[in-house]
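**Student:** A single structure is presented below for examination.
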Amino acid sequence: MKRRLSMGLGILAVAVAVPFASSTPVLANLQQAGEALVQQILQPQVKLALSAEKQVITTDSEGKEVLSWEAIEGDVTVQPGDILRYTLNSENAGDKSASSLVVTQPIPQKTAFKAESALANGAELAYSIDAGKTFSAQPLIEETQPDGSVKMVPAPAEMYTHIQWDYSDSLQPMATVSASYEVAVK
């Protein structure tokens, strides 16, 4: 009989200690910090790495043009008309899937986006012509017609200020996605 009573008091002590711990500020803070740490450990940790390359065109021994890409590192001089390719690698280095991953990249100043150069790699592409405030698969602008009426027409790629990749599927832990686009130096 004594044994049962002490076991019953032990269970009662645990049942009373948990609510008490949550209501005591110091213990409640420790409990919240512990929960936050667990959540942080189990959160997706998406790492982004941006690289750039310059298009180089040479002529082979038969006189044919050969296109290649040269990595841009440090100080590099570019000229108007040069084509640059930006590649953005996104890696989920966390222990949890990254859902609703959206990657947005500005078009560098003094460059113009090359139409149809963006690779989606499973993402939905959207573009902005208003410094990233709004995005659309095909931004439209108003164009005044000869009769004075206004018609909505596709914005030229040179007006694009940002590009966005929307990965609707979750990015699994340790998975990587890659996106790229090209610009012409103005």
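Within each chain, counting starts at residue 1; across the structure tokens, chains are named A, B, ... in the order shown, with ligands numbered 1 upward in that order.
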Residues near Tyr127 (chain A), anyone? I mean within 8 Å using only C-alpha atoms, not counting same-chain ones fewer than 5 positions away, as number ranges by chain.
**Tutor:** A: 135-139, 160-164
**Student:** Could those selected residues go to a file with N, CA and C atoms, as a compact mmCIF listing (two decimals), in the first residue's frame?
**Tutor:**
# COMPACT_ATOMS: atom_id res chain seq x y z
N PHE A 135 4.54 41.29 -59.69
CA PHE A 135 5.12 40.31 -60.61
C PHE A 135 4.03 39.72 -61.48
N SER A 136 4.40 39.38 -62.70
CA SER A 136 3.47 38.78 -63.65
C SER A 136 4.27 37.89 -64.61
N ALA A 137 3.61 36.85 -65.12
CA ALA A 137 4.26 35.99 -66.10
C ALA A 137 4.55 36.77 -67.38
N GLN A 138 3.71 37.77 -67.65
CA GLN A 138 3.94 38.64 -68.81
C GLN A 138 3.46 40.05 -68.44
N PRO A 139 4.38 40.88 -67.94
CA PRO A 139 3.98 42.25 -67.58
C PRO A 139 3.45 43.00 -68.80
N TYR A 160 12.22 44.99 -67.82
CA TYR A 160 12.16 44.13 -66.63
C TYR A 160 13.19 44.59 -65.60
N THR A 161 12.75 44.69 -64.35
CA THR A 161 13.63 45.10 -63.26
C THR A 161 13.97 43.94 -62.32
N HIS A 162 13.12 42.92 -62.27
CA HIS A 162 13.32 41.77 -61.40
C HIS A 162 12.77 40.52 -62.07
N ILE A 163 13.33 39.39 -61.67
CA ILE A 163 12.83 38.10 -62.13
C ILE A 163 12.58 37.25 -60.88
N GLN A 164 11.55 36.41 -60.94
CA GLN A 164 11.17 35.63 -59.77
C GLN A 164 10.88 34.19 -60.18
**Student:** Kindly indicate which residue among A:Pro173, A:Ser97, A:Asp75, A:Gly81 lies nearest to Val56 (chain A), using only C-alpha atoms for the distances.
**Tutor:**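 Checking each of A:Pro173, A:Ser97, A:Asp75, A:Gly81 against Val56 (chain A), counting only C-alpha atoms, the winner is A:Gly81.
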**Student:** Which neighbours of region 140-147 of chain A fall inside 12 Å, counting only C-alpha atoms, when residues of the same chain fewer than 2 positions from it are skipped, and could you give them as a PyMOL selection string?
**Tutor:** chain A and resi 127-130+134-138+149-157+159-160
**Student:** Would you work out the distance separating CA of Ala112 (chain A) from CA of Leu48 (chain A), expressed in Å to one decimal?
**Tutor:**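 Distance reported for this atom pair: 22.9 Å.
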**Student:** Between CA of Leu101 (chain A) and CA of Asp169 (chain A), what is the distance in Å, rounded to a tenth?
**Tutor:** 8.0 Å
**Student:** Just the alpha helix (DSSP H) stuff from region 35-179 of chain A, please, per backbone DSSP, written as a list in words.
**Tutor:**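 Selecting the alpha helix (DSSP H) positions of region 35-179 of chain A gives Glu35, Ala36, Leu37, Val38, Gln39, Gln40 and Ile41 of chain A.
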**Student:** Please produce a file of those selected residues containing C-alpha atoms, as an mmCIF file, in the first residue's frame.
**Tutor:**
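And here's part.cif as it stands now:
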data_model
loop_
_atom_site.group_PDB
_atom_site.id
_atom_site.type_symbol
_atom_site.label_atom_id
_atom_site.label_comp_id
_atom_site.auth_asym_id
_atom_site.auth_seq_id
_atom_site.Cartn_x
_atom_site.Cartn_y
_atom_site.Cartn_z
ATOM 1 C CA GLU A 35 10.840 24.811 -28.162
ATOM 2 C CA ALA A 36 12.352 27.559 -30.322
ATOM 3 C CA LEU A 37 15.650 25.680 -30.454
ATOM 4 C CA VAL A 38 13.885 22.501 -31.560
ATOM 5 C CA GLN A 39 12.007 24.470 -34.223
ATOM 6 C CA GLN A 40 15.234 26.147 -35.359
ATOM 7 C CA ILE A 41 16.969 22.798 -35.664
#
**Student:** At what distance in Å, to one decimal, does CA of Ala71 (chain A) lie from CA of Lys114 (chain A)?
**Tutor:** 18.8 Å
**Student:** Hey, what's within 12 Å of Ser100 (chain A) if we count only C-alpha atoms and toss same-chain stuff fewer than 6 positions away? As a PyMOL selection string, please?
**Tutor:** chain A and resi 44+46+123-124+165-172
**Student:** Could you list, as number ranges by chain, every residue within 8 Å of Ser68 (chain A), counting only C-alpha atoms and ignoring same-chain residues fewer than 2 positions away?
**Tutor:** A: 55-57, 66, 70
**Student:** Quick one: of A:Asp60, A:Glu65, A:Asn121, A:Ala175, who's nearest to Lys96 (chain A), counting only C-alpha atoms?
**Tutor:**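 Answer, going by the shortest atom-to-atom distance: A:Ala175.
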**Student:** Identify, on the basis of only C-alpha atoms, every residue whose closest approach to Gln45 (chain A) does not exceed 8 Å; exclude the query and any residue fewer than 2 positions from it along the same chain; express the result as a VMD selection string.
**Tutor:** chain A and resid 43 47 91 to 95 98
**Student:** Go ahead and write the selection's residues with N, CA and C atoms as a compact mmCIF listing (two decimals), in the first residue's frame.
**Tutor:**
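Once everything was written out, this is again_20.txt:
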# COMPACT_ATOMS: atom_id res chain seq x y z
N GLN A 43 14.12 23.55 -38.94
CA GLN A 43 13.69 24.49 -39.96
C GLN A 43 14.49 24.28 -41.24
N LYS A 47 20.24 28.01 -48.53
CA LYS A 47 21.44 28.77 -48.84
C LYS A 47 21.39 29.16 -50.31
N GLU A 91 20.01 25.84 -52.10
CA GLU A 91 20.15 24.53 -51.47
C GLU A 91 19.48 24.56 -50.11
N ASN A 92 18.65 23.55 -49.85
CA ASN A 92 18.04 23.41 -48.53
C ASN A 92 19.00 22.61 -47.67
N ALA A 93 19.77 23.30 -46.84
CA ALA A 93 20.75 22.64 -45.97
C ALA A 93 20.16 22.26 -44.62
N GLY A 94 18.86 22.46 -44.46
CA GLY A 94 18.20 22.15 -43.19
C GLY A 94 17.69 20.72 -43.14
N ASP A 95 16.97 20.43 -42.05
CA ASP A 95 16.43 19.09 -41.84
C ASP A 95 14.95 18.99 -42.19
N ALA A 98 11.56 22.87 -47.36
CA ALA A 98 11.29 24.30 -47.51
C ALA A 98 10.10 24.43 -48.46
**Student:** For a quick check of understanding, using only C-alpha atoms, which of A:Val183, A:Ala126, A:Val177, A:Ala118 has the smallest distance to Lys54 (chain A)?
**Tutor:** A:Val183
**Student:** Between A:Leu125, A:Ala131, A:Ala115, A:Leu88, which has the minimum distance to Ser51 (chain A) (counting only C-alpha atoms)?
**Tutor:**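 Of the candidates, the smallest distance to Ser51 (chain A) is held by A:Leu88.
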**Student:** Looking at A:Phe113, A:Glu158, A:Ser61, A:Gly132, which one is nearest to Ile83 (chain A), with distances taken over only C-alpha atoms?
**Tutor:** A:Phe113
